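Novice: Sharing entry_35.pdb, PDB, C-alpha atoms, pLDDT in the B column:
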```pdb
ATOM      1  CA  MET A 230     228.748  84.039 226.678  1.00 85.00           C
ATOM      2  CA  ARG A 231     228.857  86.842 224.124  1.00 94.00           C
ATOM      3  CA  VAL A 232     228.415  86.368 220.372  1.00 97.00           C
ATOM      4  CA  LEU A 233     230.386  88.844 218.259  1.00 97.00           C
ATOM      5  CA  VAL A 234     230.276  89.426 214.495  1.00 97.00           C
ATOM      6  CA  ALA A 235     233.428  90.357 212.555  1.00 96.00           C
ATOM      7  CA  GLU A 236     233.478  93.723 210.775  1.00 93.00           C
ATOM      8  CA  ASN A 237     233.674  92.147 207.316  1.00 88.00           C
ATOM      9  CA  VAL A 238     230.541  90.010 207.836  1.00 95.00           C
ATOM     10  CA  ALA A 239     227.078  91.139 206.762  1.00 92.00           C
ATOM     11  CA  GLY A 240     223.886  89.219 207.441  1.00 94.00           C
ATOM     12  CA  LYS A 241     221.267  88.231 209.992  1.00 96.00           C
ATOM     13  CA  PHE A 242     221.947  85.525 212.548  1.00 98.00           C
ATOM     14  CA  GLY A 243     219.802  84.079 215.308  1.00 98.00           C
ATOM     15  CA  ILE A 244     221.290  83.018 218.628  1.00 98.00           C
ATOM     16  CA  ILE A 245     219.446  80.801 221.122  1.00 98.00           C
ATOM     17  CA  PHE A 246     221.034  79.749 224.393  1.00 98.00           C
ATOM     18  CA  TYR A 247     219.412  76.789 226.189  1.00 98.00           C
ATOM     19  CA  LYS A 248     220.028  75.855 229.822  1.00 98.00           C
ATOM     20  CA  ASP A 249     219.055  72.825 231.936  1.00 98.00           C
ATOM     21  CA  ILE A 250     218.007  70.712 228.944  1.00 98.00           C
ATOM     22  CA  THR A 251     217.743  66.925 228.715  1.00 98.00           C
ATOM     23  CA  VAL A 252     218.847  65.412 225.400  1.00 98.00           C
ATOM     24  CA  GLY A 253     217.915  61.829 224.548  1.00 98.00           C
ATOM     25  CA  SER A 254     216.265  59.774 221.841  1.00 98.00           C
ATOM     26  CA  SER A 255     213.562  61.719 220.052  1.00 97.00           C
ATOM     27  CA  PRO A 256     210.039  60.963 221.332  1.00 97.00           C
ATOM     28  CA  GLN A 257     208.088  58.659 219.015  1.00 97.00           C
ATOM     29  CA  MET A 258     205.678  61.475 218.110  1.00 96.00           C
ATOM     30  CA  LEU A 259     208.588  63.687 216.975  1.00 96.00           C
ATOM     31  CA  LYS A 260     210.157  60.830 214.990  1.00 97.00           C
ATOM     32  CA  GLY A 261     206.828  60.299 213.239  1.00 97.00           C
ATOM     33  CA  ARG A 262     206.382  63.983 212.495  1.00 97.00           C
ATOM     34  CA  ILE A 263     209.883  64.298 211.033  1.00 98.00           C
ATOM     35  CA  ARG A 264     209.386  61.165 208.929  1.00 98.00           C
ATOM     36  CA  LEU A 265     206.062  62.441 207.535  1.00 98.00           C
ATOM     37  CA  PHE A 266     207.644  65.823 206.818  1.00 98.00           C
ATOM     38  CA  GLN A 267     210.448  64.174 204.856  1.00 98.00           C
ATOM     39  CA  GLU A 268     207.998  62.057 202.851  1.00 98.00           C
ATOM     40  CA  SER A 269     206.024  65.175 201.936  1.00 97.00           C
ATOM     41  CA  LEU A 270     209.215  67.072 201.104  1.00 97.00           C
ATOM     42  CA  HIS A 271     210.387  64.175 198.937  1.00 97.00           C
ATOM     43  CA  LEU A 272     207.267  64.561 196.779  1.00 97.00           C
ATOM     44  CA  ASP A 273     207.633  68.360 196.631  1.00 95.00           C
ATOM     45  CA  LEU A 274     211.273  68.105 195.520  1.00 96.00           C
ATOM     46  CA  GLU A 275     210.730  65.554 192.732  1.00 93.00           C
ATOM     47  CA  ASP A 276     210.342  68.144 189.987  1.00 91.00           C
ATOM     48  CA  LYS A 277     212.371  70.945 191.582  1.00 92.00           C
ATOM     49  CA  ASP A 278     215.885  72.117 190.914  1.00 94.00           C
ATOM     50  CA  MET A 279     217.809  73.015 194.067  1.00 94.00           C
ATOM     51  CA  LYS A 280     218.401  76.572 192.889  1.00 87.00           C
ATOM     52  CA  ASP A 281     214.615  77.081 192.721  1.00 91.00           C
ATOM     53  CA  ILE A 282     214.273  76.655 196.490  1.00 95.00           C
ATOM     54  CA  PRO A 283     214.452  80.235 197.861  1.00 96.00           C
ATOM     55  CA  GLY A 284     216.503  79.418 200.966  1.00 96.00           C
ATOM     56  CA  VAL A 285     218.991  77.289 199.044  1.00 97.00           C
ATOM     57  CA  GLY A 286     219.321  79.954 196.349  1.00 96.00           C
ATOM     58  CA  GLU A 287     219.938  82.708 198.894  1.00 97.00           C
ATOM     59  CA  TRP A 288     222.530  80.681 200.795  1.00 97.00           C
ATOM     60  CA  ARG A 289     224.345  79.719 197.595  1.00 96.00           C
ATOM     61  CA  THR A 290     224.614  83.460 196.947  1.00 96.00           C
ATOM     62  CA  VAL A 291     226.006  84.060 200.450  1.00 96.00           C
ATOM     63  CA  PHE A 292     228.666  81.400 199.846  1.00 97.00           C
ATOM     64  CA  LYS A 293     229.596  83.057 196.535  1.00 96.00           C
ATOM     65  CA  GLU A 294     229.832  86.465 198.218  1.00 96.00           C
ATOM     66  CA  THR A 295     232.326  85.217 200.824  1.00 96.00           C
ATOM     67  CA  GLY A 296     234.367  83.497 198.123  1.00 96.00           C
ATOM     68  CA  ALA A 297     233.310  79.855 198.689  1.00 95.00           C
ATOM     69  CA  ASP A 298     232.226  77.782 195.677  1.00 94.00           C
ATOM     70  CA  PRO A 299     228.631  76.619 196.415  1.00 92.00           C
ATOM     71  CA  SER A 300     228.892  73.804 193.858  1.00 89.00           C
ATOM     72  CA  ARG A 301     231.802  72.359 195.851  1.00 91.00           C
ATOM     73  CA  TYR A 302     230.776  73.494 199.342  1.00 92.00           C
ATOM     74  CA  ARG A 303     227.009  73.139 199.568  1.00 94.00           C
ATOM     75  CA  PRO A 304     225.040  74.896 202.306  1.00 97.00           C
ATOM     76  CA  SER A 305     224.019  72.246 204.853  1.00 97.00           C
ATOM     77  CA  VAL A 306     220.323  72.755 204.069  1.00 97.00           C
ATOM     78  CA  GLU A 307     220.976  71.906 200.414  1.00 97.00           C
ATOM     79  CA  ALA A 308     222.788  68.723 201.444  1.00 96.00           C
ATOM     80  CA  LEU A 309     219.722  67.718 203.511  1.00 97.00           C
ATOM     81  CA  TYR A 310     217.338  68.426 200.636  1.00 98.00           C
ATOM     82  CA  ARG A 311     219.464  66.429 198.195  1.00 97.00           C
ATOM     83  CA  ARG A 312     219.326  63.410 200.488  1.00 97.00           C
ATOM     84  CA  VAL A 313     215.573  63.665 200.925  1.00 98.00           C
ATOM     85  CA  LYS A 314     215.035  64.158 197.185  1.00 97.00           C
ATOM     86  CA  LYS A 315     216.858  60.841 196.581  1.00 97.00           C
ATOM     87  CA  GLY A 316     214.673  59.157 199.202  1.00 97.00           C
ATOM     88  CA  GLN A 317     217.609  58.836 201.620  1.00 97.00           C
ATOM     89  CA  PHE A 318     215.594  59.952 204.639  1.00 97.00           C
ATOM     90  CA  LEU A 319     217.454  61.056 207.764  1.00 97.00           C
ATOM     91  CA  GLN A 320     217.573  58.460 210.523  1.00 95.00           C
ATOM     92  CA  PRO A 321     216.990  59.561 214.129  1.00 97.00           C
ATOM     93  CA  PHE A 322     220.205  60.476 215.961  1.00 97.00           C
ATOM     94  CA  ASN A 323     219.303  62.333 219.131  1.00 98.00           C
ATOM     95  CA  SER A 324     216.524  64.761 219.982  1.00 98.00           C
ATOM     96  CA  ALA A 325     218.651  67.911 219.577  1.00 98.00           C
ATOM     97  CA  VAL A 326     220.186  66.928 216.238  1.00 98.00           C
ATOM     98  CA  ASP A 327     216.871  65.584 214.906  1.00 98.00           C
ATOM     99  CA  LEU A 328     215.118  68.869 215.696  1.00 98.00           C
ATOM    100  CA  ASN A 329     217.979  70.903 214.262  1.00 98.00           C
ATOM    101  CA  ASN A 330     217.670  69.017 210.955  1.00 98.00           C
ATOM    102  CA  PHE A 331     213.885  69.392 211.008  1.00 98.00           C
ATOM    103  CA  PHE A 332     214.127  73.160 211.498  1.00 98.00           C
ATOM    104  CA  SER A 333     216.662  73.401 208.671  1.00 98.00           C
ATOM    105  CA  MET A 334     214.378  71.565 206.234  1.00 97.00           C
ATOM    106  CA  LYS A 335     211.263  73.403 207.405  1.00 98.00           C
ATOM    107  CA  TYR A 336     212.733  76.912 207.163  1.00 98.00           C
ATOM    108  CA  GLU A 337     215.110  76.345 204.187  1.00 98.00           C
ATOM    109  CA  ILE A 338     218.177  77.570 206.101  1.00 98.00           C
ATOM    110  CA  PRO A 339     221.337  76.194 207.718  1.00 98.00           C
ATOM    111  CA  LEU A 340     221.360  75.869 211.507  1.00 98.00           C
ATOM    112  CA  GLY A 341     223.982  74.635 213.955  1.00 98.00           C
ATOM    113  CA  ILE A 342     223.480  73.268 217.456  1.00 98.00           C
ATOM    114  CA  TYR A 343     226.437  73.003 219.835  1.00 98.00           C
ATOM    115  CA  ASP A 344     227.142  71.803 223.362  1.00 98.00           C
ATOM    116  CA  ALA A 345     227.645  75.081 225.226  1.00 98.00           C
ATOM    117  CA  ASN A 346     229.775  73.356 227.877  1.00 98.00           C
ATOM    118  CA  LYS A 347     232.322  72.563 225.161  1.00 98.00           C
ATOM    119  CA  ILE A 348     232.560  76.217 224.080  1.00 98.00           C
ATOM    120  CA  THR A 349     235.288  78.346 225.673  1.00 97.00           C
ATOM    121  CA  GLY A 350     234.857  82.111 226.048  1.00 97.00           C
ATOM    122  CA  ASP A 351     233.096  84.345 223.546  1.00 97.00           C
ATOM    123  CA  VAL A 352     231.789  83.176 220.189  1.00 98.00           C
ATOM    124  CA  ARG A 353     232.735  85.018 217.009  1.00 98.00           C
ATOM    125  CA  ILE A 354     231.129  84.842 213.565  1.00 98.00           C
ATOM    126  CA  SER A 355     233.664  85.561 210.828  1.00 97.00           C
ATOM    127  CA  VAL A 356     234.969  84.472 207.422  1.00 97.00           C
ATOM    128  CA  GLY A 357     237.930  82.096 207.506  1.00 96.00           C
ATOM    129  CA  ASP A 358     241.273  82.198 205.720  1.00 95.00           C
ATOM    130  CA  GLU A 359     243.420  79.326 204.453  1.00 94.00           C
ATOM    131  CA  THR A 360     244.739  78.584 207.961  1.00 94.00           C
ATOM    132  CA  VAL A 361     241.315  77.774 209.473  1.00 95.00           C
ATOM    133  CA  SER A 362     239.959  74.214 209.613  1.00 96.00           C
ATOM    134  CA  TYR A 363     238.469  71.574 211.933  1.00 97.00           C
ATOM    135  CA  GLU A 364     237.471  67.933 212.026  1.00 96.00           C
ATOM    136  CA  GLY A 365     233.916  67.765 210.753  1.00 95.00           C
ATOM    137  CA  LEU A 366     231.072  65.547 211.898  1.00 92.00           C
ATOM    138  CA  ASN A 367     231.716  63.582 208.698  1.00 89.00           C
ATOM    139  CA  GLY A 368     235.231  62.715 209.939  1.00 91.00           C
ATOM    140  CA  ARG A 369     236.949  64.855 207.301  1.00 93.00           C
ATOM    141  CA  GLU A 370     239.098  67.945 207.710  1.00 96.00           C
ATOM    142  CA  ILE A 371     236.855  70.889 206.851  1.00 95.00           C
ATOM    143  CA  LYS A 372     238.784  73.817 205.428  1.00 95.00           C
ATOM    144  CA  LEU A 373     237.086  77.135 206.188  1.00 96.00           C
ATOM    145  CA  SER A 374     238.896  79.403 203.728  1.00 96.00           C
ATOM    146  CA  ASN A 375     236.357  82.040 202.558  1.00 96.00           C
ATOM    147  CA  MET A 376     233.717  80.275 204.656  1.00 96.00           C
ATOM    148  CA  LEU A 377     231.429  81.887 207.200  1.00 97.00           C
ATOM    149  CA  HIS A 378     231.976  80.136 210.537  1.00 97.00           C
ATOM    150  CA  THR A 379     231.720  80.345 214.318  1.00 98.00           C
ATOM    151  CA  SER A 380     234.738  80.095 216.598  1.00 98.00           C
ATOM    152  CA  ASP A 381     235.600  80.377 220.291  1.00 98.00           C
ATOM    153  CA  GLU A 382     238.881  80.780 222.178  1.00 97.00           C
ATOM    154  CA  ALA A 383     239.837  77.201 221.256  1.00 97.00           C
ATOM    155  CA  GLY A 384     239.246  77.736 217.533  1.00 97.00           C
ATOM    156  CA  PRO A 385     236.524  77.233 214.931  1.00 97.00           C
ATOM    157  CA  PHE A 386     233.635  74.859 215.662  1.00 97.00           C
ATOM    158  CA  GLY A 387     230.701  75.481 213.317  1.00 97.00           C
ATOM    159  CA  SER A 388     229.610  76.699 209.903  1.00 97.00           C
ATOM    160  CA  PRO A 389     226.600  76.656 207.551  1.00 97.00           C
ATOM    161  CA  PHE A 390     228.474  73.890 205.669  1.00 96.00           C
ATOM    162  CA  VAL A 391     229.434  71.087 208.114  1.00 94.00           C
ATOM    163  CA  ASP A 392     229.865  71.384 211.888  1.00 95.00           C
ATOM    164  CA  SER A 393     232.804  70.146 213.973  1.00 97.00           C
ATOM    165  CA  ARG A 394     233.021  67.099 216.201  1.00 97.00           C
ATOM    166  CA  ARG A 395     234.490  69.110 219.077  1.00 97.00           C
ATOM    167  CA  THR A 396     231.262  70.842 220.106  1.00 98.00           C
ATOM    168  CA  ALA A 397     228.731  68.209 218.984  1.00 98.00           C
ATOM    169  CA  VAL A 398     225.609  67.836 221.129  1.00 98.00           C
ATOM    170  CA  SER A 399     225.206  64.440 222.816  1.00 97.00           C
ATOM    171  CA  GLU A 400     222.887  62.861 225.356  1.00 97.00           C
ATOM    172  CA  GLU A 401     225.231  64.194 228.048  1.00 98.00           C
ATOM    173  CA  SER A 402     224.650  67.823 226.996  1.00 98.00           C
ATOM    174  CA  THR A 403     222.792  70.012 229.485  1.00 98.00           C
ATOM    175  CA  SER A 404     223.154  73.387 227.764  1.00 98.00           C
ATOM    176  CA  ALA A 405     223.336  74.286 224.093  1.00 98.00           C
ATOM    177  CA  LEU A 406     223.967  77.112 221.675  1.00 98.00           C
ATOM    178  CA  HIS A 407     221.748  77.265 218.586  1.00 98.00           C
ATOM    179  CA  VAL A 408     222.985  79.356 215.647  1.00 98.00           C
ATOM    180  CA  VAL A 409     220.341  80.176 213.028  1.00 98.00           C
ATOM    181  CA  TYR A 410     221.571  81.404 209.644  1.00 98.00           C
ATOM    182  CA  PHE A 411     218.608  83.426 208.404  1.00 98.00           C
ATOM    183  CA  LYS A 412     217.849  84.026 204.747  1.00 97.00           C
ATOM    184  CA  PRO A 413     219.290  87.483 203.957  1.00 96.00           C
ATOM    185  CA  SER A 414     215.893  88.554 202.562  1.00 97.00           C
ATOM    186  CA  MET A 415     214.134  88.066 205.907  1.00 97.00           C
ATOM    187  CA  GLU A 416     212.903  91.046 207.911  1.00 96.00           C
ATOM    188  CA  SER A 417     213.891  91.393 211.568  1.00 93.00           C
ATOM    189  CA  GLY A 418     210.322  90.737 212.714  1.00 96.00           C
ATOM    190  CA  GLU A 419     210.246  87.445 210.789  1.00 97.00           C
ATOM    191  CA  CYS A 420     213.556  86.488 212.354  1.00 98.00           C
ATOM    192  CA  GLU A 421     212.227  87.141 215.867  1.00 98.00           C
ATOM    193  CA  GLU A 422     209.108  85.048 215.188  1.00 98.00           C
ATOM    194  CA  MET A 423     211.188  82.168 213.841  1.00 98.00           C
ATOM    195  CA  LEU A 424     213.481  82.175 216.880  1.00 98.00           C
ATOM    196  CA  ALA A 425     210.469  82.143 219.192  1.00 98.00           C
ATOM    197  CA  ALA A 426     208.953  79.170 217.333  1.00 98.00           C
ATOM    198  CA  ILE A 427     212.238  77.231 217.268  1.00 98.00           C
ATOM    199  CA  SER A 428     212.905  77.912 220.947  1.00 98.00           C
ATOM    200  CA  GLU A 429     209.382  76.931 222.015  1.00 98.00           C
ATOM    201  CA  MET A 430     209.452  73.606 220.168  1.00 98.00           C
ATOM    202  CA  PHE A 431     212.963  72.801 221.379  1.00 98.00           C
ATOM    203  CA  LEU A 432     211.983  73.411 225.018  1.00 98.00           C
ATOM    204  CA  GLN A 433     208.818  71.296 224.641  1.00 98.00           C
ATOM    205  CA  VAL A 434     211.060  68.336 223.849  1.00 98.00           C
ATOM    206  CA  HIS A 435     214.055  69.092 226.089  1.00 98.00           C
ATOM    207  CA  GLY A 436     212.727  71.097 229.036  1.00 98.00           C
ATOM    208  CA  GLY A 437     214.928  73.844 230.461  1.00 98.00           C
ATOM    209  CA  THR A 438     214.958  77.550 229.651  1.00 98.00           C
ATOM    210  CA  SER A 439     216.147  79.703 226.770  1.00 98.00           C
ATOM    211  CA  GLU A 440     217.065  83.211 225.776  1.00 98.00           C
ATOM    212  CA  TYR A 441     217.413  84.359 222.183  1.00 98.00           C
ATOM    213  CA  TRP A 442     218.278  87.377 220.087  1.00 97.00           C
ATOM    214  CA  VAL A 443     218.825  88.481 216.485  1.00 97.00           C
ATOM    215  CA  LEU A 444     222.183  89.773 215.262  1.00 97.00           C
ATOM    216  CA  ASP A 445     221.641  92.028 212.223  1.00 94.00           C
ATOM    217  CA  TYR A 446     224.771  93.320 210.460  1.00 91.00           C
TER     218      TYR A 446
END
```
Render the structure in this file as structure tokens.
Specialist:
Amino acid sequence: MRVLVAENVAGKFGIIFYKDITVGSSPQMLKGRIRLFQESLHLDLEDKDMKDIPGVGEWRTVFKETGADPSRYRPSVEALYRRVKKGQFLQPFNSAVDLNNFFSMKYEIPLGIYDANKITGDVRISVGDETVSYEGLNGREIKLSNMLHTSDEAGPFGSPFVDSRRTAVSEESTSALHVVYFKPSMESGECEEMLAAISEMFLQVHGGTSEYWVLDY
């Protein structure tokens, strides 16, 4: 599987490809760690405006630059923070999704995790037009006009807004693609270190192997 970036897209993206993984319910220790993290984050966010969180601020700017309205289409990390700020803590779903949400909150960035067996051909990162949409995990049609997104030969499947149902990771998944939407301000070395940390923790929970790389455009 190749991951290509369209000519009109600028930014840094992390790609991790996992093989031979086992997805299930999150181990109790991980559930506890994520719960404690959310409780701590809840206290930190009490007196903060969303725009004052560096990662949220940077990703709002990215949305503006592609032509998407960040007050209408919030970066997924901002949506997570808003829930936690209200005390609406995330409930465990499965080990892959739980970790993906944890990484997003920890690093202040959007991430997407996808079942690689449901992806056809090469993956492309581009900005959508008014013809591009998919059914989101929230059950709604997600329009990707002016929105950064990932697509394969079958069409679009992910974005830093809301991901699609088509490529969702389940307990039947044995390989996965992780897309990491770095803060634009990050240096390449920081990006490499973050991918290594994400990959290591993911494999501790799921077993298997991984390979990862940074796309810098």
Novice: For this structure, which residues satisfy the selection - the PyMOL selection byres ((chain A and resi 436) around 9) - when it is evaluated on the file as given? I want them as a VMD selection string.
Specialist: chain A and resid 248 to 251 431 to 435 437 to 438
Novice: Pick out the residues sitting within 9 Å of Cys420 in chain A, and hand them over as a PDB file with C-alpha atoms, in the coordinates of the input; count only C-alpha atoms, and ignore anything fewer than 3 positions along from it in its own chain.
Specialist:
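Saved to out_27.pdb:
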```pdb
ATOM      1  CA  LYS A 241     221.267  88.231 209.992  1.00 96.00           C
ATOM      2  CA  PHE A 242     221.947  85.525 212.548  1.00 98.00           C
ATOM      3  CA  GLY A 243     219.802  84.079 215.308  1.00 98.00           C
ATOM      4  CA  PHE A 411     218.608  83.426 208.404  1.00 98.00           C
ATOM      5  CA  MET A 415     214.134  88.066 205.907  1.00 97.00           C
ATOM      6  CA  GLU A 416     212.903  91.046 207.911  1.00 96.00           C
ATOM      7  CA  SER A 417     213.891  91.393 211.568  1.00 93.00           C
ATOM      8  CA  MET A 423     211.188  82.168 213.841  1.00 98.00           C
ATOM      9  CA  LEU A 424     213.481  82.175 216.880  1.00 98.00           C
ATOM     10  CA  ALA A 425     210.469  82.143 219.192  1.00 98.00           C
ATOM     11  CA  VAL A 443     218.825  88.481 216.485  1.00 97.00           C
TER      12      VAL A 443
END
```
Novice: Within 6 Å of Tyr247 in chain A, counting only C-alpha atoms, which residues qualify if same-chain residues fewer than 2 places away don't, as number ranges by chain?
Specialist: A: 404-405, 438-439
Novice: Identify all residues satisfying the PyMOL selection byres ((chain A and resi 289) around 9) in the given file; provide them as a PyMOL selection string.
Specialist: chain A and resi 280+284-288+290-294+298-300+303-304+307
Novice: Kindly provide the residues of range 273-392 of chain A that approach range 261-266 of chain A to within 10 Å, each paired with its closest atom pair and their distance in Å to one decimal, based on only C-alpha atoms, listed by chain and increasing number, as a Markdown table.
Specialist:
```
| residue | atom | partner | partner_atom | distance |
| --- | --- | --- | --- | --- |
| A:Phe318 | CA | A:Arg264 | CA | 7.6 |
| A:Leu319 | CA | A:Arg264 | CA | 8.2 |
| A:Gln320 | CA | A:Arg264 | CA | 8.8 |
| A:Pro321 | CA | A:Ile263 | CA | 9.1 |
| A:Asp327 | CA | A:Ile263 | CA | 8.1 |
| A:Leu328 | CA | A:Ile263 | CA | 8.4 |
| A:Asn330 | CA | A:Ile263 | CA | 9.1 |
| A:Phe331 | CA | A:Ile263 | CA | 6.5 |
| A:Phe332 | CA | A:Ile263 | CA | 9.8 |
| A:Met334 | CA | A:Phe266 | CA | 8.9 |
| A:Lys335 | CA | A:Phe266 | CA | 8.4 |
```
Novice: Name the residues captured by the PyMOL selection byres ((chain A and resi 357-360) around 10) when it is applied to the shown file; answer as a PyMOL selection string.
Specialist: chain A and resi 295+354-356+361-362+372-380+385
Novice: Go through A:Val306, A:Ala383, A:Ile282, A:Leu406 one by one, measure the shortest atom-to-atom distance of each to Trp442 in chain A using only C-alpha atoms, and give the residue with the smallest value.
Specialist: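 For Trp442 in chain A, the nearest of the given residues is A:Leu406.
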Novice: Using all atoms listed in the file, which residue out of A:Ser414, A:Ser393, A:Ser399, A:Gln267 lies closest to Gln317 in chain A?
Specialist: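 The answer is A:Gln267, which sits nearest to Gln317 in chain A.
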Novice: What is the CA of Glu421 in chain A to CA of Tyr441 in chain A distance in Å?
Specialist: 8.6 Å
Novice: Axis-aligned box over every listed atom of range 316-328 of chain A, padded by 6 Å per side: centre and edges in Å to one decimal, as lines of an AutoDock Vina configuration file?
Specialist:
```
center_x = 217.4
center_y = 63.7
center_z = 209.6
size_x = 17.5
size_y = 22.4
size_z = 32.8
```
